[in-house]
Amino acid sequence: MTHSSVSHFHRFATLLAVAILPAASQGAEAISKENLAFFESKIRPLLAKHCYECHSEKAEKVKGGLLLDSADGIAKGGDSGDVIEPGDPGASLLMKSVRNPDPDEQMPPKNRLAETEIEALETWIRIGAPDPRKGGTTATASTKPNWTLEEGRKHWAFQPVTKPQPPAVKDTAWAKTDADKFVLAKIEAAKLKPAPDADRTTLIRRATYDLTGLPPTVEEMQAFIQDPSSDDDAFATVVDRLLKSPQFGERWGRHWLDVVRYADSVGRTRNVAFPYAWRYRDYVIESFNSDKPFNQFLTEQLAGDLMTASNATQRDAQVLGTGFLALGSMDLNERDSEQFFLDRVDDQLDTMGRAFMGLTTGCARCHDHKFDPISQTDYYAVAGIFGSTETLSGQKNRGGGGKDYFAPSKLVKLGVTETKVTPSVATSDKADRERLEHRLAELRKQKTEFQKKGSSASKKERKELDSQIASVGRKLRELDGSSGSKKKGKKAEEPTVSPDDKLAMGAQEGEVQDLKLRVRGEPDQHGDVVPRGFLQVLEWNKQPSLPKDASGRLELAAWLTDARHPLTARVAVNRIWQHLFGRGIVPTVDNFGATGEAPTHPELLDHLAASFTANGWSMKSMIRSLMLSHAYRISSKEIPANMEVDSSNNLFWRMNLRRLEVESIRDAMLAVSGTLNTEHPSTAPMGLDPKLDIGKAKKGGGSGDSFTAPIRSVYLPVLRSRLPGMFTVFDFAEPSQVIGQRDVTTVPPQALFFLNNEFVVNLARKTSERIAALPLANDEARVQHAYRLLFGRDATSDETKRALDYLAGTIQVSSGSKRGEPVDTWTTFVQALMGSAEFRYVM
């Protein structure tokens, strides 16, 4: 933009802001439930294990004047000053200390943290260092749970799902569905009234974004407004059309990809590509478009390889679902094969628990869950199921050695009628493995003793011990299926892969085993063997026994999809409600446990869950029924009397104002410019080299200039730690975590993005050129078309006057300039509309 264009853009944007609804302020608790769970599962155990000996109230001598056993202690800092800068890991003394390459200066001294632990600390600081601890370790360091199993089973989420009868309401004409009666009864009990109905222009924009993630076209909007049918029939026609659109699966599939931590790269220390993750992404999109029953969808993701199939096509469709298990962010440089194995199992178990049950099962890895009735024994019972599974992600765990992490033999081969189940570790290798594990434990014990000796242990002794540990570790990795499936002394036979093979990420049966409990989560601190099984708190009858010759994944899926399971259907319908109404009936959509929030409408939640299973677990049927409810079709208008009683809209007396996700903002700009290609890309994500370490790559990380490609955002590569700037600014889901509901922030870089980003300027120019090319009578008609195109409504008389005054003033300034300057005038006008709150919010 020229200097004069920028000044004119500022002037019109200021004028426009007067007429645009401001973005709703977003309140937040001091510590969100998700952040609390992260602290309890990742940070508290880490601090207790590595830091409390020298930096707690119980320490014999507090080192450096620093206490790390309470939030107050961390906030106070130590002799060297502040230890943490919330939100900025790079500026935090804590991170500089744990990453210090000098073993005499690093913290903890002479015992460097694992890379996964360092990353956890970085994530914790980046999200603001949430810390619920008060006082010191004497009050809070205990890992003793705050529950008994009997008491824990009384929690609302563990009660059987019922189907309560819809309550009686006074305004019987208002309720169009049973769901409406549950909502209206609460509103009437509070002596309030629902907001008025949304008009047709608002409604079609809301529905089109909700179902496709795209704005309605001017033609679609006009057709709905002019439909002579009743409001009910006209809107049902719109909803049915949108549910049949292929864009539906792209929109709702992306919701699910947030939940399953989808990414096209591994992340962490060797951020190499997942070159075949896109097949799982496309599987998800197709599953939503075909309205695959959710119970089948769940089963395929946990055990699609174990389901019966009559042909290769059906088998492929099922096996692709197991990509769910292979998407975890793993440390490919982890030297300890046992640590790597347990970390992968933890990722699978934790993701399964949050995604399907809304439970933070991963918090029981190191000790009994502090808040929910999930014991450490429960954790390892379920972990054994995933520990008996071979994960085929296409990478080798190199343990710091070698350069090539890509292993095509560690992928699923498609187009095969039958699955050949090959355990990762041959039974004949068990004795060797046990011997090596025992030797490794002894060496680690010696290292701990050396560390206690400090300087009395010579450097030569420490070096020799490290060498022995590395040697035993290498031998273990040679036996470990996750690092290449090698037998002792020679390379094991691996599946051959030809260039013509269709490959995908997934899973298959591994060596069936019951895991030993790990004391404090330490890989070499073995407890008793825990038989594979399910969570004891969710026991509606005797738990089924698992087969001795199979992992138990198929049985786990059957347990989760049993109609008597109290969580699966509740969690699923709550996710649907949240995406349509802006907040879940249970606001903490990924946490139905004790630290989550209780449902605002428990009877409605059960009614929806029971209906969901009774209607064949159909996602589209549930979405359709909710969108045709009166509760969905009311306006977002604030009513002063209602605001005094329920300003947070817990009763759903009005529609919540919602900001579009970053993908919809990007796709909408492409759509209104006329450049969006809505066809499915025929290839994998652009430029993803499976051998490239994205973390070390230059700009783009091997993805090329894909961000500006005129395709839907769901098809862009998602590279961990290398997201496009727009994605980070507008709160894209962290691709290494389960994210059922994205954050919504309002920060200055968002406004600067619309003002300065060349991508926005180019699309604003193309949009203005598109409008200029239409056979419209005059600038007033063009202004009206711009408002319809970008906002889905007509401009008011005041808005039209301001726009025309702005355009006329700019054209006058531009008179005498080179040909084409008036088009730039319209570019700045369109850019101001794109930068407004109304463009990126749904009302």
# chains A, B, ... in the order shown; residues from 1 in each chain; ligands from 1

$ select_by_dssp --residues "stretch 97-243 of chain A" --states "helix (DSSP H, G or I)" --output "PyMOL selection string"
chain A and resi 97-98+115-126+137-140+149-152+156-158+178-189+200-212+218-225+231-243

$ residues_around --residues "stretch 596-611 of chain A" --least-positions-apart "5" --cutoff "7 Å" --atoms "only C-alpha atoms" --output "number ranges by chain"
A: 33, 161-164, 179, 182, 569-570, 573, 585-588, 591, 650

$ write_last_selection --atoms "N, CA, C and O atoms" --output "mmCIF file, in the first residue's frame"
data_model
loop_
_atom_site.group_PDB
_atom_site.id
_atom_site.type_symbol
_atom_site.label_atom_id
_atom_site.label_comp_id
_atom_site.auth_asym_id
_atom_site.auth_seq_id
_atom_site.Cartn_x
_atom_site.Cartn_y
_atom_site.Cartn_z
ATOM 1 N N LYS A 33 -9.545 -25.305 33.508
ATOM 2 C CA LYS A 33 -9.532 -26.717 33.883
ATOM 3 C C LYS A 33 -8.472 -27.480 33.097
ATOM 4 O O LYS A 33 -7.806 -28.372 33.633
ATOM 5 N N VAL A 161 -26.714 -43.026 32.009
ATOM 6 C CA VAL A 161 -27.478 -42.080 31.188
ATOM 7 C C VAL A 161 -28.950 -42.456 31.261
ATOM 8 O O VAL A 161 -29.317 -43.613 31.075
ATOM 9 N N THR A 162 -29.772 -41.475 31.559
ATOM 10 C CA THR A 162 -31.221 -41.692 31.561
ATOM 11 C C THR A 162 -31.821 -40.911 30.403
ATOM 12 O O THR A 162 -31.126 -40.151 29.715
ATOM 13 N N LYS A 163 -33.120 -41.094 30.182
ATOM 14 C CA LYS A 163 -33.801 -40.281 29.169
ATOM 15 C C LYS A 163 -34.995 -39.611 29.836
ATOM 16 O O LYS A 163 -36.130 -40.089 29.749
ATOM 17 N N PRO A 164 -34.745 -38.494 30.484
ATOM 18 C CA PRO A 164 -35.832 -37.813 31.194
ATOM 19 C C PRO A 164 -36.881 -37.268 30.230
ATOM 20 O O PRO A 164 -36.576 -36.899 29.090
ATOM 21 N N ALA A 179 -35.679 -30.579 22.874
ATOM 22 C CA ALA A 179 -34.544 -29.843 23.425
ATOM 23 C C ALA A 179 -34.964 -28.432 23.835
ATOM 24 O O ALA A 179 -34.500 -27.905 24.856
ATOM 25 N N PHE A 182 -36.414 -28.264 27.388
ATOM 26 C CA PHE A 182 -35.423 -28.273 28.472
ATOM 27 C C PHE A 182 -34.795 -26.887 28.645
ATOM 28 O O PHE A 182 -34.567 -26.434 29.765
ATOM 29 N N ALA A 569 -21.353 -41.191 24.894
ATOM 30 C CA ALA A 569 -22.403 -40.437 24.193
ATOM 31 C C ALA A 569 -22.551 -39.037 24.767
ATOM 32 O O ALA A 569 -22.787 -38.074 24.019
ATOM 33 N N ARG A 570 -22.429 -38.892 26.069
ATOM 34 C CA ARG A 570 -22.531 -37.554 26.675
ATOM 35 C C ARG A 570 -21.453 -36.625 26.138
ATOM 36 O O ARG A 570 -21.714 -35.464 25.800
ATOM 37 N N VAL A 573 -22.219 -35.687 22.278
ATOM 38 C CA VAL A 573 -23.286 -34.712 22.014
ATOM 39 C C VAL A 573 -22.942 -33.351 22.612
ATOM 40 O O VAL A 573 -23.368 -32.306 22.090
ATOM 41 N N ILE A 585 -22.880 -27.730 27.059
ATOM 42 C CA ILE A 585 -23.730 -27.918 28.237
ATOM 43 C C ILE A 585 -22.822 -28.199 29.438
ATOM 44 O O ILE A 585 -23.062 -27.706 30.541
ATOM 45 N N VAL A 586 -21.780 -28.981 29.191
ATOM 46 C CA VAL A 586 -20.639 -29.063 30.112
ATOM 47 C C VAL A 586 -19.569 -28.158 29.517
ATOM 48 O O VAL A 586 -18.989 -28.484 28.476
ATOM 49 N N PRO A 587 -19.311 -26.992 30.116
ATOM 50 C CA PRO A 587 -18.393 -26.035 29.486
ATOM 51 C C PRO A 587 -16.984 -26.578 29.253
ATOM 52 O O PRO A 587 -16.335 -26.207 28.276
ATOM 53 N N THR A 588 -16.499 -27.457 30.133
ATOM 54 C CA THR A 588 -15.174 -28.056 29.964
ATOM 55 C C THR A 588 -15.326 -29.308 29.112
ATOM 56 O O THR A 588 -15.427 -30.422 29.623
ATOM 57 N N ASN A 591 -13.153 -32.326 29.762
ATOM 58 C CA ASN A 591 -12.968 -32.737 31.156
ATOM 59 C C ASN A 591 -14.318 -32.856 31.850
ATOM 60 O O ASN A 591 -14.903 -31.867 32.279
ATOM 61 N N ASN A 650 -25.653 -18.638 30.745
ATOM 62 C CA ASN A 650 -25.641 -20.060 31.101
ATOM 63 C C ASN A 650 -26.952 -20.747 30.759
ATOM 64 O O ASN A 650 -26.999 -21.969 30.596
#

$ atom_distance --atom1 "atom CA of A:Gly328" --atom2 "atom CA of A:Arg261"
7.2 Å

$ residues_around --residues "A:Gly358" --least-positions-apart "5" --cutoff "9 Å" --atoms "only C-alpha atoms" --output "list in words"
Met352, Gly353, Leu567, Thr568, Val571, Thr588, Val589, Asp590, Asn591, Phe592 and Gly593 of chain A

$ write_last_selection --atoms "all heavy atoms" --output "PDB file, in the first residue's frame"
ATOM      1  N   MET A 352      -7.047 -40.924  24.042  1.00  0.00           N
ATOM      2  CA  MET A 352      -8.275 -41.718  24.059  1.00  0.00           C
ATOM      3  C   MET A 352      -9.191 -41.274  25.193  1.00  0.00           C
ATOM      4  O   MET A 352     -10.407 -41.088  25.012  1.00  0.00           O
ATOM      5  CB  MET A 352      -7.922 -43.199  24.192  1.00  0.00           C
ATOM      6  CG  MET A 352      -9.111 -44.158  24.271  1.00  0.00           C
ATOM      7  SD  MET A 352      -9.817 -44.362  25.941  1.00  0.00           S
ATOM      8  CE  MET A 352      -8.435 -45.069  26.840  1.00  0.00           C
ATOM      9  N   GLY A 353      -8.622 -41.089  26.391  1.00  0.00           N
ATOM     10  CA  GLY A 353      -9.426 -40.720  27.549  1.00  0.00           C
ATOM     11  C   GLY A 353     -10.100 -39.384  27.391  1.00  0.00           C
ATOM     12  O   GLY A 353     -11.297 -39.222  27.675  1.00  0.00           O
ATOM     13  N   LEU A 567     -20.231 -42.130  29.651  1.00  0.00           N
ATOM     14  CA  LEU A 567     -19.494 -40.960  29.187  1.00  0.00           C
ATOM     15  C   LEU A 567     -19.476 -40.765  27.677  1.00  0.00           C
ATOM     16  O   LEU A 567     -19.580 -39.636  27.190  1.00  0.00           O
ATOM     17  CB  LEU A 567     -18.043 -41.033  29.690  1.00  0.00           C
ATOM     18  CG  LEU A 567     -17.847 -40.769  31.182  1.00  0.00           C
ATOM     19  CD1 LEU A 567     -16.430 -41.121  31.611  1.00  0.00           C
ATOM     20  CD2 LEU A 567     -18.146 -39.314  31.497  1.00  0.00           C
ATOM     21  N   THR A 568     -19.329 -41.819  26.904  1.00  0.00           N
ATOM     22  CA  THR A 568     -19.041 -41.685  25.480  1.00  0.00           C
ATOM     23  C   THR A 568     -20.083 -40.844  24.753  1.00  0.00           C
ATOM     24  O   THR A 568     -19.742 -39.883  24.046  1.00  0.00           O
ATOM     25  CB  THR A 568     -18.930 -43.071  24.824  1.00  0.00           C
ATOM     26  OG1 THR A 568     -18.041 -43.894  25.594  1.00  0.00           O
ATOM     27  CG2 THR A 568     -18.409 -42.947  23.404  1.00  0.00           C
ATOM     28  N   VAL A 571     -20.236 -37.128  26.085  1.00  0.00           N
ATOM     29  CA  VAL A 571     -19.124 -36.305  25.604  1.00  0.00           C
ATOM     30  C   VAL A 571     -19.339 -35.939  24.138  1.00  0.00           C
ATOM     31  O   VAL A 571     -19.113 -34.787  23.727  1.00  0.00           O
ATOM     32  CB  VAL A 571     -17.783 -37.042  25.798  1.00  0.00           C
ATOM     33  CG1 VAL A 571     -16.648 -36.313  25.082  1.00  0.00           C
ATOM     34  CG2 VAL A 571     -17.463 -37.172  27.284  1.00  0.00           C
ATOM     35  N   THR A 588     -16.499 -27.457  30.133  1.00  0.00           N
ATOM     36  CA  THR A 588     -15.174 -28.056  29.964  1.00  0.00           C
ATOM     37  C   THR A 588     -15.326 -29.308  29.112  1.00  0.00           C
ATOM     38  O   THR A 588     -15.427 -30.422  29.623  1.00  0.00           O
ATOM     39  CB  THR A 588     -14.556 -28.398  31.330  1.00  0.00           C
ATOM     40  OG1 THR A 588     -15.529 -29.136  32.102  1.00  0.00           O
ATOM     41  CG2 THR A 588     -14.203 -27.138  32.097  1.00  0.00           C
ATOM     42  N   VAL A 589     -15.333 -29.133  27.811  1.00  0.00           N
ATOM     43  CA  VAL A 589     -15.730 -30.218  26.902  1.00  0.00           C
ATOM     44  C   VAL A 589     -14.784 -31.411  26.945  1.00  0.00           C
ATOM     45  O   VAL A 589     -15.195 -32.528  26.615  1.00  0.00           O
ATOM     46  CB  VAL A 589     -15.849 -29.688  25.453  1.00  0.00           C
ATOM     47  CG1 VAL A 589     -16.976 -28.680  25.342  1.00  0.00           C
ATOM     48  CG2 VAL A 589     -14.531 -29.073  24.981  1.00  0.00           C
ATOM     49  N   ASP A 590     -13.526 -31.198  27.339  1.00  0.00           N
ATOM     50  CA  ASP A 590     -12.560 -32.302  27.406  1.00  0.00           C
ATOM     51  C   ASP A 590     -12.379 -32.841  28.815  1.00  0.00           C
ATOM     52  O   ASP A 590     -11.533 -33.705  29.036  1.00  0.00           O
ATOM     53  CB  ASP A 590     -11.192 -31.833  26.882  1.00  0.00           C
ATOM     54  CG  ASP A 590     -11.238 -31.376  25.441  1.00  0.00           C
ATOM     55  OD1 ASP A 590     -11.956 -32.008  24.653  1.00  0.00           O
ATOM     56  OD2 ASP A 590     -10.567 -30.379  25.118  1.00  0.00           O
ATOM     57  N   ASN A 591     -13.153 -32.326  29.762  1.00  0.00           N
ATOM     58  CA  ASN A 591     -12.968 -32.737  31.156  1.00  0.00           C
ATOM     59  C   ASN A 591     -14.318 -32.856  31.850  1.00  0.00           C
ATOM     60  O   ASN A 591     -14.903 -31.867  32.279  1.00  0.00           O
ATOM     61  CB  ASN A 591     -12.084 -31.727  31.895  1.00  0.00           C
ATOM     62  CG  ASN A 591     -11.707 -32.189  33.293  1.00  0.00           C
ATOM     63  OD1 ASN A 591     -12.169 -33.231  33.770  1.00  0.00           O
ATOM     64  ND2 ASN A 591     -10.871 -31.428  33.958  1.00  0.00           N
ATOM     65  N   PHE A 592     -14.796 -34.090  31.960  1.00  0.00           N
ATOM     66  CA  PHE A 592     -16.043 -34.370  32.668  1.00  0.00           C
ATOM     67  C   PHE A 592     -15.756 -34.840  34.100  1.00  0.00           C
ATOM     68  O   PHE A 592     -16.654 -35.285  34.797  1.00  0.00           O
ATOM     69  CB  PHE A 592     -16.833 -35.462  31.934  1.00  0.00           C
ATOM     70  CG  PHE A 592     -17.697 -34.938  30.811  1.00  0.00           C
ATOM     71  CD1 PHE A 592     -17.224 -33.986  29.927  1.00  0.00           C
ATOM     72  CD2 PHE A 592     -18.981 -35.417  30.630  1.00  0.00           C
ATOM     73  CE1 PHE A 592     -18.017 -33.517  28.884  1.00  0.00           C
ATOM     74  CE2 PHE A 592     -19.790 -34.958  29.595  1.00  0.00           C
ATOM     75  CZ  PHE A 592     -19.293 -34.000  28.723  1.00  0.00           C
ATOM     76  N   GLY A 593     -14.500 -34.739  34.528  1.00  0.00           N
ATOM     77  CA  GLY A 593     -14.115 -35.199  35.850  1.00  0.00           C
ATOM     78  C   GLY A 593     -14.400 -34.180  36.934  1.00  0.00           C
ATOM     79  O   GLY A 593     -15.081 -33.163  36.726  1.00  0.00           O
TER      80      GLY A 593
END

$ closest_atom_pairs --of "stretch 198-282 of chain A" --to "stretch 711-718 of chain A" --cutoff "9 Å" --atoms "only C-alpha atoms" --output "Markdown table"
| residue | atom | partner | partner_atom | distance |
| --- | --- | --- | --- | --- |
| A:Glu250 | CA | A:Val714 | CA | 6.6 |
| A:Arg251 | CA | A:Val714 | CA | 8.0 |
| A:Gly253 | CA | A:Val714 | CA | 8.6 |
| A:Arg254 | CA | A:Val714 | CA | 6.5 |
| A:Tyr262 | CA | A:Val718 | CA | 7.7 |
| A:Ala263 | CA | A:Val718 | CA | 4.9 |
| A:Asp264 | CA | A:Val718 | CA | 5.1 |
| A:Ser265 | CA | A:Val718 | CA | 7.2 |
| A:Trp278 | CA | A:Tyr715 | CA | 8.1 |
| A:Arg281 | CA | A:Tyr715 | CA | 8.5 |
| A:Asp282 | CA | A:Tyr715 | CA | 8.9 |

$ residues_around --residues "A:Lys413" --least-positions-apart "5" --cutoff "7 Å" --atoms "only C-alpha atoms" --output "ChimeraX atom specification"
/A:501-504

$ residues_around --residues "A:Met221" --least-positions-apart "2" --cutoff "8 Å" --atoms "only C-alpha atoms" --output "list of chain:residue names"
A:Thr201, A:Ile204, A:Arg205, A:Pro216, A:Thr217, A:Val218, A:Glu219, A:Ala223, A:Phe224, A:Ile225, A:Gly792

$ residues_around --residues "A:Ala236" --least-positions-apart "2" --cutoff "12 Å" --atoms "only C-alpha atoms" --output "list of chain:residue names"
A:Leu203, A:Ile204, A:Ala207, A:Phe224, A:Asp227, A:Ser229, A:Ser230, A:Asp231, A:Asp232, A:Asp233, A:Ala234, A:Val238, A:Val239, A:Asp240, A:Arg241, A:Leu242, A:Leu243, A:Ile623, A:Arg624, A:Ser625, A:Leu626, A:Met627, A:Leu628, A:Ser629, A:Arg633

$ closest_residue --among "A:Leu833, A:Val416, A:Phe839, A:Leu719" --to "A:Glu734" --atoms "only C-alpha atoms"
A:Leu719

$ residues_around --residues "A:Asp794" --least-positions-apart "6" --cutoff "7 Å" --atoms "only C-alpha atoms" --output "PyMOL selection string"
chain A and resi 784+787-788

$ write_last_selection --atoms "N, CA and C atoms" --output "mmCIF file, in the first residue's frame"
data_model
loop_
_atom_site.group_PDB
_atom_site.id
_atom_site.type_symbol
_atom_site.label_atom_id
_atom_site.label_comp_id
_atom_site.auth_asym_id
_atom_site.auth_seq_id
_atom_site.Cartn_x
_atom_site.Cartn_y
_atom_site.Cartn_z
ATOM 1 N N GLN A 784 -23.391 -1.821 -1.663
ATOM 2 C CA GLN A 784 -24.381 -2.782 -1.174
ATOM 3 C C GLN A 784 -23.937 -4.208 -1.448
ATOM 4 N N TYR A 787 -21.232 -5.315 1.026
ATOM 5 C CA TYR A 787 -21.765 -5.676 2.341
ATOM 6 C C TYR A 787 -22.450 -7.047 2.298
ATOM 7 N N ARG A 788 -23.171 -7.314 1.238
ATOM 8 C CA ARG A 788 -23.827 -8.624 1.123
ATOM 9 C C ARG A 788 -22.788 -9.735 1.006
#

$ closest_residue --among "A:Asn778, A:Asn762, A:Gln578, A:Gln513" --to "A:Gly387" --atoms "only C-alpha atoms"
A:Gln513

$ closest_residue --among "A:Leu211, A:Leu94, A:Leu325, A:Leu538" --to "A:Glu300" --atoms "only C-alpha atoms"
A:Leu325

$ atom_distance --atom1 "atom CA of A:Asp346" --atom2 "atom CA of A:Gly362"
6.4 Å

$ decode --residues "stretch 271-290 of chain A" --atoms "N, CA, C and O atoms" --output "PDB file, in the first residue's frame"
ATOM      1  N   ASN A 271      11.732 -32.774  14.267  1.00  0.00           N
ATOM      2  CA  ASN A 271      10.388 -32.467  13.762  1.00  0.00           C
ATOM      3  C   ASN A 271      10.243 -32.902  12.310  1.00  0.00           C
ATOM      4  O   ASN A 271      10.009 -32.088  11.412  1.00  0.00           O
ATOM      5  N   VAL A 272      10.394 -34.210  12.089  1.00  0.00           N
ATOM      6  CA  VAL A 272      10.290 -34.735  10.728  1.00  0.00           C
ATOM      7  C   VAL A 272       8.829 -34.880  10.328  1.00  0.00           C
ATOM      8  O   VAL A 272       7.932 -34.900  11.161  1.00  0.00           O
ATOM      9  N   ALA A 273       8.615 -34.980   9.036  1.00  0.00           N
ATOM     10  CA  ALA A 273       7.255 -34.991   8.506  1.00  0.00           C
ATOM     11  C   ALA A 273       6.556 -36.319   8.764  1.00  0.00           C
ATOM     12  O   ALA A 273       7.182 -37.381   8.815  1.00  0.00           O
ATOM     13  N   PHE A 274       5.241 -36.232   8.921  1.00  0.00           N
ATOM     14  CA  PHE A 274       4.344 -37.378   8.805  1.00  0.00           C
ATOM     15  C   PHE A 274       3.805 -37.334   7.365  1.00  0.00           C
ATOM     16  O   PHE A 274       2.769 -36.736   7.111  1.00  0.00           O
ATOM     17  N   PRO A 275       4.499 -37.938   6.410  1.00  0.00           N
ATOM     18  CA  PRO A 275       4.086 -37.742   5.011  1.00  0.00           C
ATOM     19  C   PRO A 275       2.755 -38.383   4.650  1.00  0.00           C
ATOM     20  O   PRO A 275       2.214 -38.087   3.579  1.00  0.00           O
ATOM     21  N   TYR A 276       2.223 -39.231   5.519  1.00  0.00           N
ATOM     22  CA  TYR A 276       0.957 -39.895   5.195  1.00  0.00           C
ATOM     23  C   TYR A 276      -0.154 -39.590   6.197  1.00  0.00           C
ATOM     24  O   TYR A 276      -1.202 -40.236   6.179  1.00  0.00           O
ATOM     25  N   ALA A 277       0.059 -38.590   7.042  1.00  0.00           N
ATOM     26  CA  ALA A 277      -1.006 -38.210   7.980  1.00  0.00           C
ATOM     27  C   ALA A 277      -2.249 -37.747   7.238  1.00  0.00           C
ATOM     28  O   ALA A 277      -3.368 -37.911   7.730  1.00  0.00           O
ATOM     29  N   TRP A 278      -2.060 -37.174   6.065  1.00  0.00           N
ATOM     30  CA  TRP A 278      -3.197 -36.648   5.303  1.00  0.00           C
ATOM     31  C   TRP A 278      -4.228 -37.724   4.984  1.00  0.00           C
ATOM     32  O   TRP A 278      -5.410 -37.411   4.816  1.00  0.00           O
ATOM     33  N   ARG A 279      -3.817 -38.966   4.918  1.00  0.00           N
ATOM     34  CA  ARG A 279      -4.811 -40.022   4.648  1.00  0.00           C
ATOM     35  C   ARG A 279      -5.779 -40.141   5.820  1.00  0.00           C
ATOM     36  O   ARG A 279      -6.984 -40.360   5.622  1.00  0.00           O
ATOM     37  N   TYR A 280      -5.269 -40.006   7.048  1.00  0.00           N
ATOM     38  CA  TYR A 280      -6.175 -40.012   8.207  1.00  0.00           C
ATOM     39  C   TYR A 280      -7.075 -38.789   8.174  1.00  0.00           C
ATOM     40  O   TYR A 280      -8.273 -38.886   8.438  1.00  0.00           O
ATOM     41  N   ARG A 281      -6.518 -37.640   7.845  1.00  0.00           N
ATOM     42  CA  ARG A 281      -7.324 -36.417   7.735  1.00  0.00           C
ATOM     43  C   ARG A 281      -8.472 -36.610   6.748  1.00  0.00           C
ATOM     44  O   ARG A 281      -9.629 -36.288   7.042  1.00  0.00           O
ATOM     45  N   ASP A 282      -8.163 -37.167   5.580  1.00  0.00           N
ATOM     46  CA  ASP A 282      -9.207 -37.381   4.581  1.00  0.00           C
ATOM     47  C   ASP A 282     -10.213 -38.434   5.032  1.00  0.00           C
ATOM     48  O   ASP A 282     -11.411 -38.345   4.710  1.00  0.00           O
ATOM     49  N   TYR A 283      -9.731 -39.434   5.767  1.00  0.00           N
ATOM     50  CA  TYR A 283     -10.636 -40.436   6.341  1.00  0.00           C
ATOM     51  C   TYR A 283     -11.645 -39.768   7.270  1.00  0.00           C
ATOM     52  O   TYR A 283     -12.838 -40.095   7.244  1.00  0.00           O
ATOM     53  N   VAL A 284     -11.189 -38.845   8.095  1.00  0.00           N
ATOM     54  CA  VAL A 284     -12.078 -38.140   9.024  1.00  0.00           C
ATOM     55  C   VAL A 284     -13.111 -37.330   8.256  1.00  0.00           C
ATOM     56  O   VAL A 284     -14.310 -37.363   8.562  1.00  0.00           O
ATOM     57  N   ILE A 285     -12.660 -36.597   7.250  1.00  0.00           N
ATOM     58  CA  ILE A 285     -13.577 -35.767   6.456  1.00  0.00           C
ATOM     59  C   ILE A 285     -14.636 -36.625   5.792  1.00  0.00           C
ATOM     60  O   ILE A 285     -15.831 -36.314   5.822  1.00  0.00           O
ATOM     61  N   GLU A 286     -14.216 -37.725   5.204  1.00  0.00           N
ATOM     62  CA  GLU A 286     -15.159 -38.612   4.536  1.00  0.00           C
ATOM     63  C   GLU A 286     -16.110 -39.255   5.538  1.00  0.00           C
ATOM     64  O   GLU A 286     -17.291 -39.478   5.235  1.00  0.00           O
ATOM     65  N   SER A 287     -15.634 -39.563   6.720  1.00  0.00           N
ATOM     66  CA  SER A 287     -16.494 -40.167   7.744  1.00  0.00           C
ATOM     67  C   SER A 287     -17.632 -39.232   8.123  1.00  0.00           C
ATOM     68  O   SER A 287     -18.777 -39.661   8.292  1.00  0.00           O
ATOM     69  N   PHE A 288     -17.339 -37.945   8.244  1.00  0.00           N
ATOM     70  CA  PHE A 288     -18.398 -36.987   8.564  1.00  0.00           C
ATOM     71  C   PHE A 288     -19.331 -36.789   7.375  1.00  0.00           C
ATOM     72  O   PHE A 288     -20.555 -36.699   7.548  1.00  0.00           O
ATOM     73  N   ASN A 289     -18.781 -36.736   6.182  1.00  0.00           N
ATOM     74  CA  ASN A 289     -19.654 -36.542   5.014  1.00  0.00           C
ATOM     75  C   ASN A 289     -20.586 -37.725   4.791  1.00  0.00           C
ATOM     76  O   ASN A 289     -21.732 -37.550   4.366  1.00  0.00           O
ATOM     77  N   SER A 290     -20.118 -38.913   5.073  1.00  0.00           N
ATOM     78  CA  SER A 290     -20.948 -40.111   4.877  1.00  0.00           C
ATOM     79  C   SER A 290     -21.824 -40.412   6.089  1.00  0.00           C
ATOM     80  O   SER A 290     -22.569 -41.386   6.081  1.00  0.00           O
TER      81      SER A 290
END
